[in-house]
file query-v5.cif (mmCIF, C-alpha atoms)
data_work
loop_
_atom_site.group_PDB
_atom_site.id
_atom_site.type_symbol
_atom_site.label_atom_id
_atom_site.label_comp_id
_atom_site.auth_asym_id
_atom_site.auth_seq_id
_atom_site.Cartn_x
_atom_site.Cartn_y
_atom_site.Cartn_z
ATOM 1 C CA MET R 1 106.080 127.724 93.287
ATOM 2 C CA ASP R 2 109.806 128.393 93.540
ATOM 3 C CA SER R 3 111.898 127.316 90.611
ATOM 4 C CA ALA R 4 113.362 123.836 91.031
ATOM 5 C CA THR R 5 117.023 123.215 91.663
ATOM 6 C CA SER R 6 118.084 119.916 90.103
ATOM 7 C CA ILE R 7 121.058 117.661 90.584
ATOM 8 C CA SER R 8 122.031 114.680 88.462
ATOM 9 C CA ILE R 9 122.786 111.179 89.609
ATOM 10 C CA SER R 10 124.451 108.738 87.196
ATOM 11 C CA PRO R 11 123.525 108.403 84.449
ATOM 12 C CA PRO R 12 123.609 112.195 83.868
ATOM 13 C CA SER R 13 120.304 112.245 82.016
ATOM 14 C CA HIS R 14 118.420 111.493 85.266
ATOM 15 C CA THR R 15 117.393 114.671 87.080
ATOM 16 C CA LEU R 16 116.028 113.252 90.302
ATOM 17 C CA LEU R 17 115.676 115.808 93.029
ATOM 18 C CA LYS R 18 113.896 119.041 93.719
ATOM 19 C CA SER R 19 114.736 121.802 96.125
ATOM 20 C CA ASN R 20 113.086 121.607 99.543
ATOM 21 C CA GLY R 21 111.962 125.163 99.014
ATOM 22 C CA SER R 22 109.199 123.949 96.690
ATOM 23 C CA THR R 23 105.651 124.086 97.929
ATOM 24 C CA ALA R 24 103.697 120.869 98.430
ATOM 25 C CA LEU R 25 102.767 118.987 95.254
ATOM 26 C CA LEU R 26 99.056 118.204 95.161
ATOM 27 C CA PHE R 27 97.121 115.772 93.005
ATOM 28 C CA GLY R 28 93.508 116.813 93.621
ATOM 29 C CA GLY R 29 90.434 114.616 93.479
ATOM 30 C CA SER R 30 89.053 112.417 96.211
ATOM 31 C CA LEU R 31 91.854 111.698 98.662
ATOM 32 C CA LEU R 32 90.242 109.566 101.343
ATOM 33 C CA PRO R 33 91.700 106.051 101.741
ATOM 34 C CA LYS R 34 89.536 103.172 100.632
ATOM 35 C CA ARG R 35 88.758 100.698 103.400
ATOM 36 C CA LEU R 36 90.312 97.284 102.837
ATOM 37 C CA SER R 37 89.988 94.687 105.571
ATOM 38 C CA PHE R 38 92.991 92.716 106.815
ATOM 39 C CA SER R 39 91.239 89.509 105.741
ATOM 40 C CA ARG R 40 90.891 90.799 102.168
ATOM 41 C CA ARG R 41 94.536 91.895 102.108
ATOM 42 C CA ARG R 42 95.651 88.487 103.369
ATOM 43 C CA ALA R 43 93.552 86.869 100.655
ATOM 44 C CA SER R 44 95.171 89.147 98.080
ATOM 45 C CA PHE R 45 98.660 88.251 99.346
ATOM 46 C CA THR R 46 97.854 84.524 99.343
ATOM 47 C CA GLY R 47 96.158 84.567 95.971
ATOM 48 C CA ALA R 48 99.188 86.220 94.416
ATOM 49 C CA ARG R 49 101.552 83.427 95.462
ATOM 50 C CA ALA R 50 100.523 81.120 92.644
ATOM 51 C CA SER R 51 101.895 83.555 90.049
ATOM 52 C CA LEU R 52 105.152 84.329 91.849
ATOM 53 C CA SER R 53 108.534 82.968 90.854
ATOM 54 C CA PRO R 54 110.246 80.829 93.538
ATOM 55 C CA THR R 55 112.728 83.633 94.270
ATOM 56 C CA LYS R 56 110.081 86.327 94.597
ATOM 57 C CA GLU R 57 107.893 84.064 96.715
ATOM 58 C CA THR R 58 110.808 83.527 99.101
ATOM 59 C CA VAL R 59 111.436 87.275 99.378
ATOM 60 C CA LEU R 60 107.769 88.140 99.936
ATOM 61 C CA LYS R 61 106.846 85.235 102.225
ATOM 62 C CA ASP R 62 107.363 87.136 105.490
ATOM 63 C CA PHE R 63 105.480 90.149 104.133
ATOM 64 C CA GLN R 64 102.549 87.936 103.192
ATOM 65 C CA GLU R 65 102.568 86.598 106.753
ATOM 66 C CA ARG R 66 102.802 90.177 108.105
ATOM 67 C CA LYS R 67 105.976 89.547 110.116
ATOM 68 C CA ALA R 68 108.804 90.980 107.989
ATOM 69 C CA LEU R 69 111.703 92.731 109.732
ATOM 70 C CA LYS R 70 114.185 94.491 107.451
ATOM 71 C CA ILE R 71 117.385 95.920 108.950
ATOM 72 C CA ILE R 72 118.750 98.895 106.978
ATOM 73 C CA SER R 73 122.435 99.856 106.871
ATOM 74 C CA GLY R 74 121.873 103.042 104.840
ATOM 75 C CA LEU R 75 121.638 104.041 101.178
ATOM 76 C CA GLN R 76 124.949 105.904 101.281
ATOM 77 C CA ASN R 77 126.725 103.735 103.822
ATOM 78 C CA PHE R 78 129.676 102.127 102.001
ATOM 79 C CA ASP R 79 131.678 101.430 105.172
ATOM 80 C CA ARG R 80 132.370 97.700 104.783
ATOM 81 C CA GLU R 81 132.995 97.155 108.491
ATOM 82 C CA ASN R 82 129.759 98.833 109.537
ATOM 83 C CA VAL R 83 127.750 97.119 106.805
ATOM 84 C CA ALA R 84 129.209 93.750 107.836
ATOM 85 C CA SER R 85 128.179 94.431 111.438
ATOM 86 C CA VAL R 86 124.637 95.402 110.418
ATOM 87 C CA VAL R 87 124.277 92.307 108.221
ATOM 88 C CA THR R 88 125.607 90.071 110.993
ATOM 89 C CA ALA R 89 123.224 91.676 113.482
ATOM 90 C CA ALA R 90 120.278 91.114 111.139
ATOM 91 C CA ASP R 91 121.268 87.483 110.668
ATOM 92 C CA LYS R 92 121.962 86.678 114.325
ATOM 93 C CA GLY R 93 119.221 88.868 115.772
ATOM 94 C CA GLY R 94 116.284 87.263 113.977
ATOM 95 C CA ALA R 95 115.516 89.689 111.130
ATOM 96 C CA THR R 96 113.961 88.443 107.887
ATOM 97 C CA HIS R 97 115.666 90.812 105.402
ATOM 98 C CA VAL R 98 118.645 93.156 105.237
ATOM 99 C CA ASP R 99 118.865 96.365 103.197
ATOM 100 C CA ILE R 100 122.233 97.776 102.086
ATOM 101 C CA ALA R 101 123.633 100.348 99.661
ATOM 102 C CA CYS R 102 123.464 99.372 95.993
ATOM 103 C CA ASP R 103 127.018 98.206 95.424
ATOM 104 C CA PRO R 104 127.955 94.791 93.977
ATOM 105 C CA GLU R 105 130.949 94.392 96.293
ATOM 106 C CA LEU R 106 128.803 95.094 99.354
ATOM 107 C CA VAL R 107 126.264 92.565 98.092
ATOM 108 C CA LYS R 108 128.988 89.929 97.805
ATOM 109 C CA LEU R 109 130.108 90.786 101.336
ATOM 110 C CA ALA R 110 126.547 90.497 102.649
ATOM 111 C CA THR R 111 125.850 87.173 100.944
ATOM 112 C CA SER R 112 129.025 85.775 102.495
ATOM 113 C CA LEU R 113 127.641 86.623 105.942
ATOM 114 C CA THR R 114 123.963 85.688 105.724
ATOM 115 C CA SER R 115 121.401 83.693 103.803
ATOM 116 C CA LEU R 116 118.735 86.345 104.432
ATOM 117 C CA PRO R 117 117.312 88.032 101.301
ATOM 118 C CA ILE R 118 119.457 91.065 100.434
ATOM 119 C CA CYS R 119 117.720 94.260 99.378
ATOM 120 C CA VAL R 120 119.721 97.081 97.763
ATOM 121 C CA SER R 121 118.634 100.725 97.923
ATOM 122 C CA SER R 122 119.314 103.408 95.351
ATOM 123 C CA VAL R 123 117.730 106.270 93.425
ATOM 124 C CA ASP R 124 119.581 105.257 90.250
ATOM 125 C CA PRO R 125 117.820 102.381 88.447
ATOM 126 C CA ALA R 126 120.897 101.750 86.296
ATOM 127 C CA ALA R 127 122.781 100.661 89.425
ATOM 128 C CA PHE R 128 120.367 97.840 90.268
ATOM 129 C CA PRO R 129 121.222 95.165 87.650
ATOM 130 C CA GLY R 130 124.848 94.866 88.805
ATOM 131 C CA ALA R 131 123.725 94.351 92.405
ATOM 132 C CA ILE R 132 121.196 91.719 91.328
ATOM 133 C CA GLU R 133 123.912 89.882 89.404
ATOM 134 C CA ALA R 134 126.035 89.960 92.573
ATOM 135 C CA GLY R 135 123.306 88.211 94.570
ATOM 136 C CA ALA R 136 120.721 90.772 95.735
ATOM 137 C CA LEU R 137 117.113 89.528 95.553
ATOM 138 C CA MET R 138 115.200 92.781 96.061
ATOM 139 C CA VAL R 139 115.582 96.449 95.114
ATOM 140 C CA GLU R 140 114.359 99.552 96.909
ATOM 141 C CA ILE R 141 113.801 103.027 95.487
ATOM 142 C CA GLY R 142 113.918 104.953 98.708
ATOM 143 C CA ASN R 143 115.636 105.436 102.048
ATOM 144 C CA TYR R 144 115.811 109.129 101.182
ATOM 145 C CA ASP R 145 117.002 110.410 104.575
ATOM 146 C CA SER R 146 120.519 111.291 103.407
ATOM 147 C CA PHE R 147 119.037 113.451 100.635
ATOM 148 C CA TYR R 148 116.757 115.305 103.034
ATOM 149 C CA GLU R 149 119.865 116.246 104.990
ATOM 150 C CA MET R 150 121.026 118.024 101.810
ATOM 151 C CA GLY R 151 117.715 119.874 101.554
ATOM 152 C CA MET R 152 116.465 117.736 98.659
ATOM 153 C CA ILE R 153 113.111 116.051 98.056
ATOM 154 C CA PHE R 154 111.643 113.711 95.437
ATOM 155 C CA SER R 155 108.482 114.618 93.530
ATOM 156 C CA PRO R 156 105.765 112.008 92.886
ATOM 157 C CA GLU R 157 106.343 112.319 89.139
ATOM 158 C CA LYS R 158 110.035 111.556 89.518
ATOM 159 C CA ILE R 159 109.342 108.537 91.730
ATOM 160 C CA ILE R 160 106.903 107.160 89.158
ATOM 161 C CA ASN R 161 109.505 107.639 86.413
ATOM 162 C CA LEU R 162 112.159 105.867 88.489
ATOM 163 C CA THR R 163 109.712 103.045 89.140
ATOM 164 C CA LYS R 164 108.909 102.615 85.454
ATOM 165 C CA GLU R 165 112.600 102.606 84.536
ATOM 166 C CA THR R 166 113.392 100.041 87.222
ATOM 167 C CA ARG R 167 110.539 97.785 86.155
ATOM 168 C CA LYS R 168 111.763 97.983 82.554
ATOM 169 C CA LEU R 169 115.261 96.907 83.618
ATOM 170 C CA LEU R 170 114.154 94.292 86.155
ATOM 171 C CA PRO R 171 110.617 93.136 85.344
ATOM 172 C CA SER R 172 110.625 90.106 87.658
ATOM 173 C CA VAL R 173 112.708 91.300 90.632
ATOM 174 C CA THR R 174 110.949 92.217 93.892
ATOM 175 C CA LEU R 175 110.585 96.009 93.929
ATOM 176 C CA SER R 176 109.909 98.198 96.955
ATOM 177 C CA VAL R 177 109.368 101.953 96.695
ATOM 178 C CA THR R 178 109.312 104.480 99.527
ATOM 179 C CA VAL R 179 106.537 107.080 99.604
ATOM 180 C CA PRO R 180 108.174 110.333 100.818
ATOM 181 C CA HIS R 181 106.964 111.856 104.056
ATOM 182 C CA THR R 182 107.508 115.275 102.437
ATOM 183 C CA LEU R 183 104.146 114.742 100.720
ATOM 184 C CA GLY R 184 100.938 115.399 102.587
ATOM 185 C CA LEU R 185 99.104 112.240 103.636
ATOM 186 C CA PRO R 186 96.427 112.514 100.887
ATOM 187 C CA ASP R 187 99.189 112.763 98.259
ATOM 188 C CA GLN R 188 101.000 109.802 99.809
ATOM 189 C CA LEU R 189 97.870 107.724 99.273
ATOM 190 C CA LYS R 190 97.583 108.855 95.672
ATOM 191 C CA LEU R 191 101.225 107.986 94.986
ATOM 192 C CA ALA R 192 100.901 104.585 96.699
ATOM 193 C CA GLU R 193 97.936 103.725 94.481
ATOM 194 C CA GLN R 194 99.899 104.758 91.379
ATOM 195 C CA LEU R 195 102.872 102.643 92.476
ATOM 196 C CA GLU R 196 100.618 99.624 92.905
ATOM 197 C CA GLN R 197 99.329 100.155 89.360
ATOM 198 C CA GLU R 198 102.937 100.253 88.113
ATOM 199 C CA GLY R 199 103.581 96.771 89.496
ATOM 200 C CA VAL R 200 105.459 97.644 92.688
ATOM 201 C CA ASP R 201 105.537 94.730 95.147
ATOM 202 C CA ILE R 202 105.945 96.653 98.418
ATOM 203 C CA VAL R 203 105.294 100.250 99.449
ATOM 204 C CA GLN R 204 107.495 101.595 102.241
ATOM 205 C CA THR R 205 106.575 104.499 104.526
ATOM 206 C CA GLU R 206 108.809 106.942 106.334
ATOM 207 C CA GLY R 207 108.535 109.937 108.647
ATOM 208 C CA GLY R 208 111.126 109.841 111.405
ATOM 209 C CA LYS R 209 113.074 112.787 109.995
ATOM 210 C CA CYS R 210 110.049 115.073 110.175
ATOM 211 C CA SER R 211 109.232 114.189 113.768
ATOM 212 C CA ASN R 212 110.730 116.072 116.722
ATOM 213 C CA PRO R 213 109.523 114.469 119.955
ATOM 214 C CA SER R 214 108.826 116.844 122.814
ATOM 215 C CA LYS R 215 109.037 114.156 125.489
ATOM 216 C CA ALA R 216 111.645 111.644 126.619
ATOM 217 C CA GLY R 217 111.244 107.916 127.183
ATOM 218 C CA VAL R 218 108.375 105.845 125.853
ATOM 219 C CA LEU R 219 106.200 108.858 125.073
ATOM 220 C CA GLY R 220 108.999 110.327 122.960
ATOM 221 C CA LEU R 221 109.414 107.047 121.065
ATOM 222 C CA ILE R 222 105.714 107.054 120.230
ATOM 223 C CA GLU R 223 105.859 110.695 119.113
ATOM 224 C CA LYS R 224 108.861 109.897 116.917
ATOM 225 C CA ALA R 225 107.015 107.090 115.159
ATOM 226 C CA ALA R 226 103.667 108.865 114.761
ATOM 227 C CA PRO R 227 104.163 110.130 111.151
ATOM 228 C CA THR R 228 105.223 106.771 109.692
ATOM 229 C CA LEU R 229 102.540 104.938 111.686
ATOM 230 C CA ALA R 230 99.911 107.304 110.302
ATOM 231 C CA SER R 231 101.179 106.682 106.763
ATOM 232 C CA ALA R 232 101.196 102.900 107.255
ATOM 233 C CA TYR R 233 97.656 102.930 108.649
ATOM 234 C CA SER R 234 96.286 104.990 105.778
ATOM 235 C CA ILE R 235 98.244 103.452 102.887
ATOM 236 C CA SER R 236 97.565 99.873 104.015
ATOM 237 C CA ARG R 237 93.860 100.621 103.605
ATOM 238 C CA ALA R 238 94.314 102.152 100.161
ATOM 239 C CA VAL R 239 96.364 99.402 98.442
ATOM 240 C CA LYS R 240 96.372 95.606 98.337
ATOM 241 C CA ILE R 241 100.161 95.134 98.190
ATOM 242 C CA PRO R 242 102.178 94.828 101.427
ATOM 243 C CA VAL R 243 103.172 97.999 103.255
ATOM 244 C CA MET R 244 106.473 98.250 105.116
ATOM 245 C CA CYS R 245 106.518 100.800 107.925
ATOM 246 C CA SER R 246 109.964 102.358 108.337
ATOM 247 C CA SER R 247 111.758 105.336 109.879
ATOM 248 C CA GLY R 248 111.777 106.304 113.525
ATOM 249 C CA LEU R 249 110.633 102.918 114.831
ATOM 250 C CA SER R 250 111.803 101.149 117.984
ATOM 251 C CA THR R 251 111.035 98.127 120.126
ATOM 252 C CA VAL R 252 108.117 100.094 121.557
ATOM 253 C CA THR R 253 106.575 101.166 118.261
ATOM 254 C CA ALA R 254 107.420 98.321 115.835
ATOM 255 C CA PRO R 255 104.447 96.204 117.068
ATOM 256 C CA MET R 256 102.203 99.267 116.653
ATOM 257 C CA ALA R 257 103.137 99.344 112.963
ATOM 258 C CA ILE R 258 101.859 95.792 112.453
ATOM 259 C CA THR R 259 98.675 96.607 114.362
ATOM 260 C CA ALA R 260 98.227 99.696 112.172
ATOM 261 C CA GLY R 261 98.210 97.507 109.067
ATOM 262 C CA ALA R 262 101.846 97.155 108.007
ATOM 263 C CA ALA R 263 103.107 93.813 106.720
ATOM 264 C CA GLY R 264 106.582 94.479 108.076
ATOM 265 C CA VAL R 265 108.891 97.061 109.613
ATOM 266 C CA GLY R 266 112.166 98.601 108.516
ATOM 267 C CA ILE R 267 114.744 99.521 111.149
ATOM 268 C CA GLY R 268 117.746 101.719 110.359
ATOM 269 C CA SER R 269 119.391 104.110 112.783
ATOM 270 C CA ALA R 270 118.194 102.218 115.866
ATOM 271 C CA VAL R 271 120.688 99.539 114.795
ATOM 272 C CA ASN R 272 123.245 100.969 112.361
ATOM 273 C CA ARG R 273 124.312 103.821 114.670
ATOM 274 C CA LEU R 274 125.297 101.499 117.516
ATOM 275 C CA ASN R 275 129.023 101.190 117.996
ATOM 276 C CA ASN R 276 129.517 97.425 118.110
ATOM 277 C CA VAL R 277 128.010 94.296 116.637
ATOM 278 C CA VAL R 278 127.009 92.831 120.008
ATOM 279 C CA ALA R 279 124.829 95.853 120.763
ATOM 280 C CA MET R 280 123.391 95.677 117.240
ATOM 281 C CA ILE R 281 122.467 92.000 117.624
ATOM 282 C CA ALA R 282 120.813 92.732 120.974
ATOM 283 C CA GLU R 283 118.733 95.548 119.469
ATOM 284 C CA VAL R 284 117.621 93.479 116.472
ATOM 285 C CA ARG R 285 116.720 90.581 118.760
ATOM 286 C CA SER R 286 114.724 92.904 121.012
ATOM 287 C CA ILE R 287 112.710 94.222 118.046
ATOM 288 C CA ALA R 288 112.251 90.726 116.611
ATOM 289 C CA ASP R 289 110.979 89.551 119.995
ATOM 290 C CA SER R 290 108.536 92.460 120.157
ATOM 291 C CA LEU R 291 107.123 91.290 116.819
ATOM 292 C CA GLY R 292 107.061 87.627 117.811
ATOM 293 C CA ILE R 293 109.515 86.794 115.022
ATOM 294 C CA SER R 294 112.461 85.320 116.941
ATOM 295 C CA SER R 295 110.475 82.463 118.462
ATOM 296 C CA ASP R 296 108.941 81.598 115.086
ATOM 297 C CA ARG R 297 112.317 81.497 113.351
ATOM 298 C CA GLN R 298 113.862 79.513 116.205
ATOM 299 C CA SER R 299 111.147 76.887 115.791
ATOM 300 C CA VAL R 300 111.950 76.635 112.089
ATOM 301 C CA TYR R 301 115.670 76.259 112.836
ATOM 302 C CA GLU R 302 114.950 73.536 115.394
ATOM 303 C CA GLU R 303 112.731 71.651 112.952
ATOM 304 C CA LYS R 304 115.451 71.804 110.271
ATOM 305 C CA ALA R 305 118.061 70.622 112.779
ATOM 306 C CA LEU R 306 115.863 67.649 113.706
ATOM 307 C CA GLY R 307 115.128 66.870 110.075
ATOM 308 C CA LEU R 308 111.371 67.408 110.499
#

call {"tool": "encode", "arguments": {"input": "query-v5.cif", "output": "structure tokens"}}
result
Amino acid sequence: MDSATSISISPPSHTLLKSNGSTALLFGGSLLPKRLSFSRRRASFTGARASLSPTKETVLKDFQERKALKIISGLQNFDRENVASVVTAADKGGATHVDIACDPELVKLATSLTSLPICVSSVDPAAFPGAIEAGALMVEIGNYDSFYEMGMIFSPEKIINLTKETRKLLPSVTLSVTVPHTLGLPDQLKLAEQLEQEGVDIVQTEGGKCSNPSKAGVLGLIEKAAPTLASAYSISRAVKIPVMCSSGLSTVTAPMAITAGAAGVGIGSAVNRLNNVVAMIAEVRSIADSLGISSDRQSVYEEKALGL
């Protein structure tokens, strides 16, 4: 194996990344996913509610009902105008959650625009408490795409260490962790099982960056989503906690993620790269409609308006 090149992210003592030149990290042992029926997973989700705090129950409700839609602005997106547009689109388009960079000022901006649960993403656990104090209700170790663009990857050992540190800092806050697509599928399953043992609430998949569709149109959209769909299918049968399928998804493939076993979907570039908020709202609404979320939320709004 090539020697690792490390970079530090505040605080300096955290060496988080390894060079993409490293060979695959393997765990060994039996690597086939354990079968777990949807009915058993639903029972696990429902049975867990009794022990949840009111805040955590609110955040996880849509995951437990397998209809969560999280709109992602980007881990390193600190453009207030763009983040405001993404948050507005999530709110008006029918999403259930919004995921932004881990910055207290951005959290305050987001909470002024929506009542949706705010998730903050980072690879620095020390950054999370300030965002939680500002109003975030969920934290995510993940959304690694910007690091892949720099030729960097995260090892399973480092992700476990980040998870343990985050849980120590925030023992009762909803925690989601992304399983890197840079791992082979058997190693993704192993890591997901370890994360569940560490008390993670949600496991997120990815894969869009490693997929290069050879076709245009609908076929290309399905090719683009294939890696993350495969991860969601396999991981959802290996763990009892909710799985969020993210990266490379679209209106065409988001419903496939739920069918594959995911409890929700995460949408990033399909929304945050659009050039105006109207187009963003339309895209979020289209995805929400494909998941059957918009009509459900509209019914809730109508009931509240009528005082039912």

call {"tool": "resolve_selection", "arguments": {"input": "query-v5.cif", "expression": "the PyMOL selection byres ((chain R and resi 131) around 8)", "output": "number ranges by chain"}}
result
R: 102-104, 107, 120, 127-130, 132-136

call {"tool": "write_last_selection", "arguments": {"input": "query-v5.cif", "atoms": "C-alpha atoms", "output": "PDB file, keeping the file's coordinate frame"}}
result
ATOM      1  CA  CYS R 102     123.464  99.372  95.993  1.00  0.00           C
ATOM      2  CA  ASP R 103     127.018  98.206  95.424  1.00  0.00           C
ATOM      3  CA  PRO R 104     127.955  94.791  93.977  1.00  0.00           C
ATOM      4  CA  VAL R 107     126.264  92.565  98.092  1.00  0.00           C
ATOM      5  CA  VAL R 120     119.721  97.081  97.763  1.00  0.00           C
ATOM      6  CA  ALA R 127     122.781 100.661  89.425  1.00  0.00           C
ATOM      7  CA  PHE R 128     120.367  97.840  90.268  1.00  0.00           C
ATOM      8  CA  PRO R 129     121.222  95.165  87.650  1.00  0.00           C
ATOM      9  CA  GLY R 130     124.848  94.866  88.805  1.00  0.00           C
ATOM     10  CA  ILE R 132     121.196  91.719  91.328  1.00  0.00           C
ATOM     11  CA  GLU R 133     123.912  89.882  89.404  1.00  0.00           C
ATOM     12  CA  ALA R 134     126.035  89.960  92.573  1.00  0.00           C
ATOM     13  CA  GLY R 135     123.306  88.211  94.570  1.00  0.00           C
ATOM     14  CA  ALA R 136     120.721  90.772  95.735  1.00  0.00           C
TER      15      ALA R 136
END

call {"tool": "resolve_selection", "arguments": {"input": "query-v5.cif", "expression": "the PyMOL selection byres ((chain R and resi 81-86) around 7)", "output": "ChimeraX atom specification"}}
result
/R:73,79-80,87-90,110,272,277,280

call {"tool": "closest_atom_pairs", "arguments": {"input": "query-v5.cif", "of": "range 201-262 of chain R", "to": "range 163-176 of chain R", "cutoff": "12 Å", "atoms": "all atoms listed in the file", "output": "CSV"}}
result
residue,atom,partner,partner_atom,distance
R:Asp201,CA,R:Leu175,CA,5.3
R:Ile202,CA,R:Ser176,CA,4.5
R:Val203,CA,R:Ser176,CA,5.6
R:Gln204,CA,R:Ser176,CA,6.7
R:Thr205,CA,R:Ser176,CA,10.4
R:Ile241,CA,R:Ser176,CA,10.3
R:Pro242,CA,R:Ser176,CA,9.5
R:Val243,CA,R:Ser176,CA,9.2
R:Met244,CA,R:Ser176,CA,8.9
R:Cys245,CA,R:Ser176,CA,11.8

call {"tool": "resolve_selection", "arguments": {"input": "query-v5.cif", "expression": "the PyMOL selection byres ((chain R and resi 58) around 12)", "output": "ChimeraX atom specification"}}
result
/R:49,52-57,59-65,68,96-97,115-118,137-138,173-174

call {"tool": "atom_distance", "arguments": {"input": "query-v5.cif", "atom1": "CA of Ala260 in chain R", "atom2": "CA of Ile159 in chain R"}}
result
24.9 Å

call {"tool": "closest_residue", "arguments": {"input": "query-v5.cif", "among": "R:Ala254, R:Leu162, R:Val218, R:Leu185", "to": "Ile287 in chain R", "atoms": "all atoms listed in the file"}}
result
R:Ala254

call {"tool": "atom_distance", "arguments": {"input": "query-v5.cif", "atom1": "CA of Ala263 in chain R", "atom2": "CA of Ile235 in chain R"}}
result
11.5 Å

call {"tool": "atom_distance", "arguments": {"input": "query-v5.cif", "atom1": "CA of Met256 in chain R", "atom2": "CA of Glu283 in chain R"}}
result
17.2 Å

call {"tool": "closest_residue", "arguments": {"input": "query-v5.cif", "among": "R:Ala282, R:Ile141, R:Met152, R:Ile267", "to": "Ile72 in chain R", "atoms": "only C-alpha atoms"}}
result
R:Ile267

call {"tool": "residues_near_point", "arguments": {"input": "query-v5.cif", "point": "(108.3, 109.9, 98.2)", "cutoff": "10 Å", "atoms": "all atoms listed in the file", "output": "PDB file with C-alpha atoms, keeping the file's coordinate frame"}}
result
ATOM      1  CA  ILE R 141     113.801 103.027  95.487  1.00  0.00           C
ATOM      2  CA  GLY R 142     113.918 104.953  98.708  1.00  0.00           C
ATOM      3  CA  ASN R 143     115.636 105.436 102.048  1.00  0.00           C
ATOM      4  CA  TYR R 144     115.811 109.129 101.182  1.00  0.00           C
ATOM      5  CA  ILE R 153     113.111 116.051  98.056  1.00  0.00           C
ATOM      6  CA  PHE R 154     111.643 113.711  95.437  1.00  0.00           C
ATOM      7  CA  SER R 155     108.482 114.618  93.530  1.00  0.00           C
ATOM      8  CA  PRO R 156     105.765 112.008  92.886  1.00  0.00           C
ATOM      9  CA  GLU R 157     106.343 112.319  89.139  1.00  0.00           C
ATOM     10  CA  LYS R 158     110.035 111.556  89.518  1.00  0.00           C
ATOM     11  CA  ILE R 159     109.342 108.537  91.730  1.00  0.00           C
ATOM     12  CA  ILE R 160     106.903 107.160  89.158  1.00  0.00           C
ATOM     13  CA  VAL R 177     109.368 101.953  96.695  1.00  0.00           C
ATOM     14  CA  THR R 178     109.312 104.480  99.527  1.00  0.00           C
ATOM     15  CA  VAL R 179     106.537 107.080  99.604  1.00  0.00           C
ATOM     16  CA  PRO R 180     108.174 110.333 100.818  1.00  0.00           C
ATOM     17  CA  HIS R 181     106.964 111.856 104.056  1.00  0.00           C
ATOM     18  CA  THR R 182     107.508 115.275 102.437  1.00  0.00           C
ATOM     19  CA  LEU R 183     104.146 114.742 100.720  1.00  0.00           C
ATOM     20  CA  ASP R 187      99.189 112.763  98.259  1.00  0.00           C
ATOM     21  CA  GLN R 188     101.000 109.802  99.809  1.00  0.00           C
ATOM     22  CA  LEU R 191     101.225 107.986  94.986  1.00  0.00           C
ATOM     23  CA  ALA R 192     100.901 104.585  96.699  1.00  0.00           C
ATOM     24  CA  GLN R 204     107.495 101.595 102.241  1.00  0.00           C
ATOM     25  CA  THR R 205     106.575 104.499 104.526  1.00  0.00           C
ATOM     26  CA  GLU R 206     108.809 106.942 106.334  1.00  0.00           C
TER      27      GLU R 206
END

call {"tool": "residues_around", "arguments": {"input": "query-v5.cif", "residues": "Thr251 in chain R", "least_positions_apart": "5", "cutoff": "12 Å", "atoms": "only C-alpha atoms", "output": "ChimeraX atom specification"}}
result
/R:69,218,221-222,225,256-257,265-267,270-271,282-292

call {"tool": "closest_residue", "arguments": {"input": "query-v5.cif", "among": "R:Gln197, R:Ala95, R:Ala216, R:Ile258", "to": "Tyr233 in chain R", "atoms": "all atoms listed in the file"}}
result
R:Ile258

call {"tool": "closest_residue", "arguments": {"input": "query-v5.cif", "among": "R:Leu195, R:Ile293, R:Ile71, R:Val278", "to": "Asp99 in chain R", "atoms": "only C-alpha atoms"}}
result
R:Ile71

call {"tool": "residues_around", "arguments": {"input": "query-v5.cif", "residues": "Lys224 in chain R", "least_positions_apart": "4", "cutoff": "12 Å", "atoms": "all atoms listed in the file", "output": "PyMOL selection string"}}
result
chain R and resi 206-220+228-230+246-250+252-254

call {"tool": "write_last_selection", "arguments": {"input": "query-v5.cif", "atoms": "C-alpha atoms", "output": "PDB file, in the frame of the given file"}}
result
ATOM      1  CA  GLU R 206     108.809 106.942 106.334  1.00  0.00           C
ATOM      2  CA  GLY R 207     108.535 109.937 108.647  1.00  0.00           C
ATOM      3  CA  GLY R 208     111.126 109.841 111.405  1.00  0.00           C
ATOM      4  CA  LYS R 209     113.074 112.787 109.995  1.00  0.00           C
ATOM      5  CA  CYS R 210     110.049 115.073 110.175  1.00  0.00           C
ATOM      6  CA  SER R 211     109.232 114.189 113.768  1.00  0.00           C
ATOM      7  CA  ASN R 212     110.730 116.072 116.722  1.00  0.00           C
ATOM      8  CA  PRO R 213     109.523 114.469 119.955  1.00  0.00           C
ATOM      9  CA  SER R 214     108.826 116.844 122.814  1.00  0.00           C
ATOM     10  CA  LYS R 215     109.037 114.156 125.489  1.00  0.00           C
ATOM     11  CA  ALA R 216     111.645 111.644 126.619  1.00  0.00           C
ATOM     12  CA  GLY R 217     111.244 107.916 127.183  1.00  0.00           C
ATOM     13  CA  VAL R 218     108.375 105.845 125.853  1.00  0.00           C
ATOM     14  CA  LEU R 219     106.200 108.858 125.073  1.00  0.00           C
ATOM     15  CA  GLY R 220     108.999 110.327 122.960  1.00  0.00           C
ATOM     16  CA  THR R 228     105.223 106.771 109.692  1.00  0.00           C
ATOM     17  CA  LEU R 229     102.540 104.938 111.686  1.00  0.00           C
ATOM     18  CA  ALA R 230      99.911 107.304 110.302  1.00  0.00           C
ATOM     19  CA  SER R 246     109.964 102.358 108.337  1.00  0.00           C
ATOM     20  CA  SER R 247     111.758 105.336 109.879  1.00  0.00           C
ATOM     21  CA  GLY R 248     111.777 106.304 113.525  1.00  0.00           C
ATOM     22  CA  LEU R 249     110.633 102.918 114.831  1.00  0.00           C
ATOM     23  CA  SER R 250     111.803 101.149 117.984  1.00  0.00           C
ATOM     24  CA  VAL R 252     108.117 100.094 121.557  1.00  0.00           C
ATOM     25  CA  THR R 253     106.575 101.166 118.261  1.00  0.00           C
ATOM     26  CA  ALA R 254     107.420  98.321 115.835  1.00  0.00           C
TER      27      ALA R 254
END
